[in-house]
Amino acid sequence: MPVEIIATSDAELRRAAEILASGGLVAFPTETVYGLGGDAWNTRALARIFEAKRRPAFDPLIVHIAALAALDDVADLGALVPEARKAACDLMEEFWPGPLTLILPKRPRVPDLATSGLPTVAVRLPNHPVARALIELSTGAVAAPSANPFGYLSPTRAEHVAAQLGDRVDLIVDGGRCPVGVESTVVDVTGPAPRVLRPGGLSLERLRGAAPGFEVLDRTDPAPKAPGQLANHYAPRLALRLTPAGGLASARPEGRAAALVFDAASRDRLGSAAGRFAEVRVLSEAGDPVEAAANLFDLLHDLDSGDCEELWAERVPEAGLGAAVNDRLYKASKKT
Ligand code: TXA
Ligand code: MG
């Protein structure tokens, strides 16, 4: 039987919340990407999340809350040194609700399955009315990784979830397209200085504007702390080749290939090389990194289910959400 997809009326969200509260799995929209939600307090639901995604148990989940009042149930800010506590509170004040996930000391009652046995827990207060209503109506804490099979592209539409996870999820709440389009920025405040473990929907510039002195984890780190750092992640089915900016002009695709470029100017720079590609797609005609991020997974899903045999992309400018776009392109690419 195909998975049921529902809309976002009060009655429908109440039903989705009941499924969550009774240990079921519900995929739901957030401002970043669709999440595969399960009750954070229910170890059976957590185990089902890992099983549905075929996700290794060493990759911990993000616990989503709908109100600051729920934070204390999940995380123990008192276990942070005063400077770290201040940094955490400043970040929450400035950026929650929003595409920021904070790594915080965990409360003992948070199941080890949610945190893969780590003493810390990832917490996020999303800025999406459907996500917030659903969390509020269920148990107040919903563990949710992106609703894709492990290692595959994150979903930005309900149809992506249905195509990828099918009946491994009990219900999908269709809230339309996710406006931000890339996952949250993950910041660890439990160390000596706040550290960005994964660039995402909140730009590094905005983070640094609020609290200077951020470290950014090197994605070539041999012992990644956030498995979002794994080199092959967010990958499409088709081989994706990533070149430096401007590199597609000298690309020599072997089969029927699609090119993904940043803006109208980068398409123009392809010149006669455009003829070597079956299609050329543009992330943002006007060169807006926010729009490019919003379109990224959408375009990749689309190309991946089309009739091209290869994908070629070039790096986009690093400014703003460009850093998150480049991170996802890098992780999706073949490292040869
Ligand atoms: O935007 C998002 O963050 C989406 C939506 C659904 O909220 N969720 C998401 O979840 O991207 P997921 O599971 O795909 O990515 C969570 C990331 C992973 O890279 C994981 O390793 C990291 O957060 N993470 C979770 N708990 C952690 C912890 N205690 N310490 C370090 N990293 C952690
Ligand atoms: Mg993910």
# chains A, B, ... in the order shown; residues from 1 in each chain; ligands from 1
call {"tool": "residues_near_ligand", "arguments": {"ligand": "ligand 1", "cutoff": "6 Å", "atoms": "only C-alpha atoms and all ligand atoms", "output": "PyMOL selection string"}}
result
chain A and resi 32-35+59-62+103+115+118+120-122+144-146+183-184+225-228
call {"tool": "residues_around", "arguments": {"residues": "Gly255 in chain A", "least_positions_apart": "2", "cutoff": "9 Å", "atoms": "only C-alpha atoms", "output": "count of residues only"}}
result
6
call {"tool": "closest_residue", "arguments": {"among": "A:Arg177, A:Arg315, A:Arg206, A:Lys86", "to": "Leu329 in chain A", "atoms": "only C-alpha atoms"}}
result
A:Arg315
call {"tool": "residues_around", "arguments": {"residues": "Leu299 in chain A", "least_positions_apart": "6", "cutoff": "9 Å", "atoms": "only C-alpha atoms", "output": "VMD selection string"}}
result
chain A and resid 260 281 to 283
call {"tool": "write_last_selection", "arguments": {"atoms": "C-alpha atoms", "output": "PDB file, in the first residue's frame"}}
result
ATOM      1  CA  LEU A 260      24.463  22.595 -12.630  1.00  0.00           C
ATOM      2  CA  ARG A 281      20.353  24.070 -14.849  1.00  0.00           C
ATOM      3  CA  VAL A 282      20.859  27.263 -12.868  1.00  0.00           C
ATOM      4  CA  LEU A 283      20.665  27.378  -9.062  1.00  0.00           C
TER       5      LEU A 283
END
call {"tool": "atom_distance", "arguments": {"atom1": "CA of Asp302 in chain A", "atom2": "CA of His160 in chain A"}}
result
9.6 Å
call {"tool": "closest_residue", "arguments": {"among": "A:Arg124, A:Arg48, A:Arg132, A:Arg14", "to": "Leu100 in chain A", "atoms": "only C-alpha atoms"}}
result
A:Arg124
call {"tool": "closest_residue", "arguments": {"among": "A:Gly200, A:Gly287, A:Pro111, A:Gly176", "to": "Val130 in chain A", "atoms": "only C-alpha atoms"}}
result
A:Gly176
call {"tool": "closest_residue", "arguments": {"among": "A:Ala249, A:Leu202, A:Arg208, A:Asp268", "to": "Val325 in chain A", "atoms": "only C-alpha atoms"}}
result
A:Leu202
call {"tool": "select_by_dssp", "arguments": {"residues": "range 64-311 of chain A", "states": "strand (DSSP E or B)", "output": "mmCIF file with N, CA and C atoms, in the first residue's frame"}}
result
data_model
loop_
_atom_site.group_PDB
_atom_site.id
_atom_site.type_symbol
_atom_site.label_atom_id
_atom_site.label_comp_id
_atom_site.auth_asym_id
_atom_site.auth_seq_id
_atom_site.Cartn_x
_atom_site.Cartn_y
_atom_site.Cartn_z
ATOM 1 N N HIS A 64 13.978 17.717 18.181
ATOM 2 C CA HIS A 64 13.288 18.962 17.844
ATOM 3 C C HIS A 64 12.296 19.321 18.934
ATOM 4 N N ILE A 65 12.330 20.582 19.364
ATOM 5 C CA ILE A 65 11.366 21.057 20.348
ATOM 6 C C ILE A 65 10.581 22.206 19.725
ATOM 7 N N ALA A 75 18.121 19.028 27.552
ATOM 8 C CA ALA A 75 19.521 19.426 27.709
ATOM 9 C C ALA A 75 19.746 20.069 29.072
ATOM 10 N N LEU A 100 19.250 26.421 13.076
ATOM 11 C CA LEU A 100 20.445 26.244 13.909
ATOM 12 C C LEU A 100 20.222 25.076 14.856
ATOM 13 N N THR A 101 21.150 24.116 14.851
ATOM 14 C CA THR A 101 21.120 23.000 15.795
ATOM 15 C C THR A 101 22.268 23.179 16.769
ATOM 16 N N LEU A 102 21.971 23.093 18.058
ATOM 17 C CA LEU A 102 23.016 23.242 19.075
ATOM 18 C C LEU A 102 23.327 21.893 19.714
ATOM 19 N N ILE A 103 24.617 21.617 19.872
ATOM 20 C CA ILE A 103 25.051 20.427 20.611
ATOM 21 C C ILE A 103 25.242 20.855 22.064
ATOM 22 N N LEU A 104 24.484 20.212 22.950
ATOM 23 C CA LEU A 104 24.442 20.608 24.360
ATOM 24 C C LEU A 104 24.605 19.367 25.247
ATOM 25 N N PRO A 105 24.966 19.566 26.527
ATOM 26 C CA PRO A 105 25.019 18.401 27.430
ATOM 27 C C PRO A 105 23.630 17.788 27.536
ATOM 28 N N LYS A 106 23.548 16.450 27.528
ATOM 29 C CA LYS A 106 22.231 15.811 27.505
ATOM 30 C C LYS A 106 21.734 15.504 28.907
ATOM 31 N N THR A 120 26.305 14.224 24.820
ATOM 32 C CA THR A 120 25.691 15.444 24.309
ATOM 33 C C THR A 120 24.474 15.114 23.469
ATOM 34 N N VAL A 121 23.619 16.140 23.288
ATOM 35 C CA VAL A 121 22.422 15.954 22.470
ATOM 36 C C VAL A 121 22.301 17.141 21.507
ATOM 37 N N ALA A 122 21.884 16.847 20.285
ATOM 38 C CA ALA A 122 21.648 17.899 19.293
ATOM 39 C C ALA A 122 20.203 18.370 19.439
ATOM 40 N N VAL A 123 20.004 19.689 19.592
ATOM 41 C CA VAL A 123 18.658 20.230 19.792
ATOM 42 C C VAL A 123 18.375 21.332 18.784
ATOM 43 N N ARG A 124 17.138 21.324 18.281
ATOM 44 C CA ARG A 124 16.761 22.375 17.325
ATOM 45 C C ARG A 124 15.323 22.811 17.570
ATOM 46 N N ALA A 141 8.916 16.639 22.203
ATOM 47 C CA ALA A 141 10.301 16.392 21.772
ATOM 48 C C ALA A 141 10.273 15.319 20.695
ATOM 49 N N VAL A 142 10.622 15.711 19.482
ATOM 50 C CA VAL A 142 10.555 14.796 18.350
ATOM 51 C C VAL A 142 11.947 14.647 17.743
ATOM 52 N N ALA A 143 12.459 13.417 17.774
ATOM 53 C CA ALA A 143 13.752 13.150 17.134
ATOM 54 C C ALA A 143 13.512 13.028 15.644
ATOM 55 N N SER A 146 16.995 13.996 8.689
ATOM 56 C CA SER A 146 16.391 14.269 7.393
ATOM 57 C C SER A 146 15.737 12.984 6.874
ATOM 58 N N TYR A 152 21.742 9.515 1.126
ATOM 59 C CA TYR A 152 21.110 10.010 -0.093
ATOM 60 C C TYR A 152 20.696 11.481 0.075
ATOM 61 N N LEU A 171 3.273 7.900 7.967
ATOM 62 C CA LEU A 171 2.468 9.012 7.459
ATOM 63 C C LEU A 171 3.410 10.130 7.014
ATOM 64 N N ILE A 172 3.009 10.847 5.962
ATOM 65 C CA ILE A 172 3.784 12.027 5.548
ATOM 66 C C ILE A 172 2.867 13.245 5.626
ATOM 67 N N VAL A 173 3.313 14.275 6.316
ATOM 68 C CA VAL A 173 2.567 15.535 6.352
ATOM 69 C C VAL A 173 3.118 16.420 5.236
ATOM 70 N N THR A 185 22.448 24.486 10.339
ATOM 71 C CA THR A 185 23.847 24.634 10.728
ATOM 72 C C THR A 185 23.996 24.000 12.113
ATOM 73 N N VAL A 186 24.989 23.119 12.274
ATOM 74 C CA VAL A 186 25.180 22.437 13.562
ATOM 75 C C VAL A 186 26.362 23.078 14.293
ATOM 76 N N VAL A 187 26.102 23.568 15.508
ATOM 77 C CA VAL A 187 27.132 24.241 16.303
ATOM 78 C C VAL A 187 27.285 23.531 17.647
ATOM 79 N N ASP A 188 28.520 23.151 17.952
ATOM 80 C CA ASP A 188 28.825 22.503 19.222
ATOM 81 C C ASP A 188 29.321 23.563 20.203
ATOM 82 N N ARG A 195 31.931 25.659 17.951
ATOM 83 C CA ARG A 195 32.497 25.065 16.751
ATOM 84 C C ARG A 195 31.386 24.673 15.782
ATOM 85 N N VAL A 196 31.531 25.063 14.534
ATOM 86 C CA VAL A 196 30.550 24.682 13.509
ATOM 87 C C VAL A 196 30.909 23.289 13.002
ATOM 88 N N LEU A 197 30.032 22.324 13.248
ATOM 89 C CA LEU A 197 30.289 20.949 12.789
ATOM 90 C C LEU A 197 29.749 20.726 11.384
ATOM 91 N N ARG A 198 28.707 21.493 11.024
ATOM 92 C CA ARG A 198 28.129 21.347 9.677
ATOM 93 C C ARG A 198 27.615 22.709 9.237
ATOM 94 N N GLU A 215 35.004 28.375 15.597
ATOM 95 C CA GLU A 215 35.857 27.476 14.826
ATOM 96 C C GLU A 215 34.961 26.759 13.842
ATOM 97 N N VAL A 216 35.523 26.410 12.692
ATOM 98 C CA VAL A 216 34.764 25.631 11.725
ATOM 99 C C VAL A 216 35.490 24.319 11.511
ATOM 100 N N ALA A 235 24.385 12.121 -1.281
ATOM 101 C CA ALA A 235 24.760 11.820 -2.661
ATOM 102 C C ALA A 235 23.557 11.464 -3.513
ATOM 103 N N ALA A 239 26.469 9.708 -10.714
ATOM 104 C CA ALA A 239 27.777 10.247 -10.354
ATOM 105 C C ALA A 239 27.763 11.756 -10.558
ATOM 106 N N LEU A 240 28.201 12.488 -9.541
ATOM 107 C CA LEU A 240 28.287 13.945 -9.672
ATOM 108 C C LEU A 240 29.758 14.344 -9.683
ATOM 109 N N ARG A 241 30.158 15.080 -10.682
ATOM 110 C CA ARG A 241 31.541 15.573 -10.748
ATOM 111 C C ARG A 241 31.526 17.055 -10.409
ATOM 112 N N LEU A 242 32.382 17.416 -9.464
ATOM 113 C CA LEU A 242 32.423 18.806 -8.996
ATOM 114 C C LEU A 242 33.712 19.459 -9.468
ATOM 115 N N THR A 243 33.595 20.627 -10.087
ATOM 116 C CA THR A 243 34.784 21.358 -10.548
ATOM 117 C C THR A 243 34.858 22.685 -9.793
ATOM 118 N N ALA A 257 24.873 14.170 -20.173
ATOM 119 C CA ALA A 257 25.188 14.812 -18.892
ATOM 120 C C ALA A 257 24.377 16.085 -18.671
ATOM 121 N N ALA A 258 24.151 16.385 -17.404
ATOM 122 C CA ALA A 258 23.515 17.643 -17.025
ATOM 123 C C ALA A 258 24.544 18.498 -16.303
ATOM 124 N N ALA A 259 24.473 19.805 -16.509
ATOM 125 C CA ALA A 259 25.367 20.733 -15.814
ATOM 126 C C ALA A 259 24.548 21.567 -14.836
ATOM 127 N N LEU A 260 25.114 21.772 -13.650
ATOM 128 C CA LEU A 260 24.463 22.595 -12.630
ATOM 129 C C LEU A 260 25.384 23.770 -12.335
ATOM 130 N N VAL A 261 24.901 24.989 -12.596
ATOM 131 C CA VAL A 261 25.747 26.171 -12.387
ATOM 132 C C VAL A 261 25.066 27.137 -11.426
ATOM 133 N N GLU A 279 21.529 19.110 -20.730
ATOM 134 C CA GLU A 279 20.790 20.227 -20.139
ATOM 135 C C GLU A 279 21.664 20.999 -19.173
ATOM 136 N N VAL A 280 21.367 22.288 -19.041
ATOM 137 C CA VAL A 280 22.094 23.150 -18.107
ATOM 138 C C VAL A 280 21.073 23.741 -17.148
ATOM 139 N N ARG A 281 21.284 23.523 -15.850
ATOM 140 C CA ARG A 281 20.353 24.070 -14.849
ATOM 141 C C ARG A 281 21.069 25.123 -14.010
ATOM 142 N N VAL A 282 20.299 26.126 -13.601
ATOM 143 C CA VAL A 282 20.859 27.263 -12.868
ATOM 144 C C VAL A 282 20.273 27.288 -11.455
ATOM 145 N N GLU A 310 25.065 11.418 -16.138
ATOM 146 C CA GLU A 310 26.103 12.043 -15.307
ATOM 147 C C GLU A 310 25.648 13.431 -14.905
ATOM 148 N N LEU A 311 26.086 13.868 -13.735
ATOM 149 C CA LEU A 311 25.852 15.252 -13.320
ATOM 150 C C LEU A 311 27.205 15.940 -13.165
#
call {"tool": "residues_around", "arguments": {"residues": "Phe50 in chain A", "least_positions_apart": "6", "cutoff": "9 Å", "atoms": "only C-alpha atoms", "output": "list in words"}}
result
Pro56, Ala57 and Phe150 of chain A
call {"tool": "write_last_selection", "arguments": {"atoms": "C-alpha atoms", "output": "PDB file, in the first residue's frame"}}
result
ATOM      1  CA  PRO A  56      24.229   3.398  11.234  1.00  0.00           C
ATOM      2  CA  ALA A  57      23.624   3.618  14.972  1.00  0.00           C
ATOM      3  CA  PHE A 150      21.210   7.230   4.822  1.00  0.00           C
TER       4      PHE A 150
END
call {"tool": "residues_around", "arguments": {"residues": "Cys178 in chain A", "least_positions_apart": "3", "cutoff": "10 Å", "atoms": "only C-alpha atoms", "output": "VMD selection string"}}
result
chain A and resid 29 to 34 128 155 to 158 175 181 to 182 294 to 295 298
call {"tool": "select_by_dssp", "arguments": {"residues": "range 26-212 of chain A", "states": "alpha helix (DSSP H)", "output": "count of residues only"}}
result
57
call {"tool": "residues_around", "arguments": {"residues": "Ala163 in chain A", "least_positions_apart": "6", "cutoff": "10 Å", "atoms": "only C-alpha atoms", "output": "ChimeraX atom specification"}}
result
/A:2-3,148,155
call {"tool": "write_last_selection", "arguments": {"atoms": "N, CA, C and O atoms", "output": "compact mmCIF listing (two decimals), in the first residue's frame"}}
result
# COMPACT_ATOMS: atom_id res chain seq x y z
N PRO A 2 0.56 2.23 -0.85
CA PRO A 2 1.39 3.44 -0.84
C PRO A 2 1.21 4.19 0.49
O PRO A 2 0.15 4.09 1.11
N VAL A 3 2.23 4.91 0.87
CA VAL A 3 2.17 5.65 2.13
C VAL A 3 1.15 6.78 2.03
O VAL A 3 0.95 7.37 0.97
N ASN A 148 15.50 10.95 4.46
CA ASN A 148 16.04 10.28 3.29
C ASN A 148 16.76 9.01 3.74
O ASN A 148 17.21 8.95 4.88
N PRO A 155 15.31 15.41 1.46
CA PRO A 155 14.06 15.75 0.77
C PRO A 155 13.59 17.16 1.08
O PRO A 155 13.60 17.59 2.22
call {"tool": "decode", "arguments": {"residues": "range 143-265 of chain A", "atoms": "C-alpha atoms", "output": "mmCIF file, in the first residue's frame"}}
result
data_model
loop_
_atom_site.group_PDB
_atom_site.id
_atom_site.type_symbol
_atom_site.label_atom_id
_atom_site.label_comp_id
_atom_site.auth_asym_id
_atom_site.auth_seq_id
_atom_site.Cartn_x
_atom_site.Cartn_y
_atom_site.Cartn_z
ATOM 1 C CA ALA A 143 13.752 13.150 17.134
ATOM 2 C CA ALA A 144 14.098 13.694 13.407
ATOM 3 C CA PRO A 145 16.908 13.161 10.963
ATOM 4 C CA SER A 146 16.391 14.269 7.393
ATOM 5 C CA ALA A 147 13.769 11.965 5.818
ATOM 6 C CA ASN A 148 16.045 10.279 3.289
ATOM 7 C CA PRO A 149 17.757 6.901 3.217
ATOM 8 C CA PHE A 150 21.210 7.230 4.822
ATOM 9 C CA GLY A 151 23.684 8.894 2.483
ATOM 10 C CA TYR A 152 21.110 10.010 -0.093
ATOM 11 C CA LEU A 153 19.832 13.499 -1.005
ATOM 12 C CA SER A 154 17.734 15.238 1.663
ATOM 13 C CA PRO A 155 14.062 15.750 0.769
ATOM 14 C CA THR A 156 12.619 19.208 0.243
ATOM 15 C CA ARG A 157 9.146 18.052 -0.833
ATOM 16 C CA ALA A 158 6.679 15.451 0.465
ATOM 17 C CA GLU A 159 6.976 13.590 -2.869
ATOM 18 C CA HIS A 160 10.715 13.134 -2.320
ATOM 19 C CA VAL A 161 9.981 11.426 0.999
ATOM 20 C CA ALA A 162 7.318 9.196 -0.524
ATOM 21 C CA ALA A 163 9.651 8.184 -3.355
ATOM 22 C CA GLN A 164 12.601 7.481 -1.053
ATOM 23 C CA LEU A 165 11.094 5.976 2.080
ATOM 24 C CA GLY A 166 7.671 4.798 0.896
ATOM 25 C CA ASP A 167 5.851 2.752 3.527
ATOM 26 C CA ARG A 168 8.859 2.674 5.859
ATOM 27 C CA VAL A 169 7.152 5.773 7.307
ATOM 28 C CA ASP A 170 3.609 5.616 8.723
ATOM 29 C CA LEU A 171 2.468 9.012 7.459
ATOM 30 C CA ILE A 172 3.784 12.027 5.548
ATOM 31 C CA VAL A 173 2.567 15.535 6.352
ATOM 32 C CA ASP A 174 2.695 17.592 3.157
ATOM 33 C CA GLY A 175 3.553 21.185 4.004
ATOM 34 C CA GLY A 176 4.806 22.076 0.530
ATOM 35 C CA ARG A 177 8.348 22.911 -0.377
ATOM 36 C CA CYS A 178 10.911 23.632 2.364
ATOM 37 C CA PRO A 179 11.878 27.304 2.075
ATOM 38 C CA VAL A 180 15.534 27.123 3.211
ATOM 39 C CA GLY A 181 16.341 23.918 1.328
ATOM 40 C CA VAL A 182 19.550 22.845 3.107
ATOM 41 C CA GLU A 183 19.832 21.314 6.584
ATOM 42 C CA SER A 184 20.442 23.325 9.739
ATOM 43 C CA THR A 185 23.847 24.634 10.728
ATOM 44 C CA VAL A 186 25.180 22.437 13.562
ATOM 45 C CA VAL A 187 27.132 24.241 16.303
ATOM 46 C CA ASP A 188 28.825 22.503 19.222
ATOM 47 C CA VAL A 189 29.011 24.758 22.282
ATOM 48 C CA THR A 190 30.316 22.099 24.676
ATOM 49 C CA GLY A 191 34.010 22.659 23.861
ATOM 50 C CA PRO A 192 36.406 25.517 24.646
ATOM 51 C CA ALA A 193 35.062 27.629 21.720
ATOM 52 C CA PRO A 194 31.825 27.265 19.754
ATOM 53 C CA ARG A 195 32.497 25.065 16.751
ATOM 54 C CA VAL A 196 30.550 24.682 13.509
ATOM 55 C CA LEU A 197 30.289 20.949 12.789
ATOM 56 C CA ARG A 198 28.129 21.347 9.677
ATOM 57 C CA PRO A 199 27.528 24.485 7.601
ATOM 58 C CA GLY A 200 23.834 24.886 6.830
ATOM 59 C CA GLY A 201 20.834 27.146 6.551
ATOM 60 C CA LEU A 202 22.245 29.735 8.951
ATOM 61 C CA SER A 203 25.298 31.374 7.365
ATOM 62 C CA LEU A 204 28.705 31.527 9.024
ATOM 63 C CA GLU A 205 28.667 35.295 8.539
ATOM 64 C CA ARG A 206 25.487 35.628 10.600
ATOM 65 C CA LEU A 207 26.865 33.319 13.311
ATOM 66 C CA ARG A 208 30.097 35.289 13.507
ATOM 67 C CA GLY A 209 28.143 38.544 13.610
ATOM 68 C CA ALA A 210 26.339 37.337 16.722
ATOM 69 C CA ALA A 211 29.310 35.734 18.464
ATOM 70 C CA PRO A 212 32.831 36.071 17.074
ATOM 71 C CA GLY A 213 35.452 33.369 17.567
ATOM 72 C CA PHE A 214 33.777 30.427 15.879
ATOM 73 C CA GLU A 215 35.857 27.476 14.826
ATOM 74 C CA VAL A 216 34.764 25.631 11.725
ATOM 75 C CA LEU A 217 35.380 21.901 11.633
ATOM 76 C CA ASP A 218 37.562 20.877 8.718
ATOM 77 C CA ARG A 219 35.596 18.426 6.593
ATOM 78 C CA THR A 220 38.793 16.540 5.826
ATOM 79 C CA ASP A 221 39.156 15.786 9.564
ATOM 80 C CA PRO A 222 40.100 12.076 9.751
ATOM 81 C CA ALA A 223 37.904 11.516 12.846
ATOM 82 C CA PRO A 224 34.656 13.355 12.096
ATOM 83 C CA LYS A 225 32.592 14.271 15.137
ATOM 84 C CA ALA A 226 29.445 14.870 13.118
ATOM 85 C CA PRO A 227 28.755 12.109 10.635
ATOM 86 C CA GLY A 228 27.309 14.812 8.385
ATOM 87 C CA GLN A 229 31.037 15.286 7.839
ATOM 88 C CA LEU A 230 31.408 11.889 6.157
ATOM 89 C CA ALA A 231 32.824 12.467 2.697
ATOM 90 C CA ASN A 232 30.039 10.695 0.810
ATOM 91 C CA HIS A 233 26.780 12.041 2.121
ATOM 92 C CA TYR A 234 23.759 13.657 0.510
ATOM 93 C CA ALA A 235 24.760 11.820 -2.661
ATOM 94 C CA PRO A 236 22.515 11.490 -5.696
ATOM 95 C CA ARG A 237 22.146 8.188 -7.538
ATOM 96 C CA LEU A 238 24.055 9.505 -10.522
ATOM 97 C CA ALA A 239 27.777 10.247 -10.354
ATOM 98 C CA LEU A 240 28.287 13.945 -9.672
ATOM 99 C CA ARG A 241 31.541 15.573 -10.748
ATOM 100 C CA LEU A 242 32.423 18.806 -8.996
ATOM 101 C CA THR A 243 34.784 21.358 -10.548
ATOM 102 C CA PRO A 244 36.092 24.707 -9.282
ATOM 103 C CA ALA A 245 34.077 27.783 -10.303
ATOM 104 C CA GLY A 246 34.367 28.194 -14.055
ATOM 105 C CA GLY A 247 35.618 24.619 -14.443
ATOM 106 C CA LEU A 248 32.667 23.370 -16.494
ATOM 107 C CA ALA A 249 33.879 25.310 -19.530
ATOM 108 C CA SER A 250 36.596 22.669 -19.950
ATOM 109 C CA ALA A 251 34.506 19.661 -18.836
ATOM 110 C CA ARG A 252 34.405 16.613 -21.117
ATOM 111 C CA PRO A 253 31.346 14.605 -20.107
ATOM 112 C CA GLU A 254 31.328 11.039 -21.442
ATOM 113 C CA GLY A 255 27.636 10.302 -21.609
ATOM 114 C CA ARG A 256 24.394 12.239 -21.572
ATOM 115 C CA ALA A 257 25.188 14.812 -18.892
ATOM 116 C CA ALA A 258 23.515 17.643 -17.025
ATOM 117 C CA ALA A 259 25.367 20.733 -15.814
ATOM 118 C CA LEU A 260 24.463 22.595 -12.630
ATOM 119 C CA VAL A 261 25.747 26.171 -12.387
ATOM 120 C CA PHE A 262 25.337 28.991 -9.892
ATOM 121 C CA ASP A 263 23.800 31.885 -11.840
ATOM 122 C CA ALA A 264 23.020 33.334 -15.264
ATOM 123 C CA ALA A 265 26.573 34.691 -15.550
#
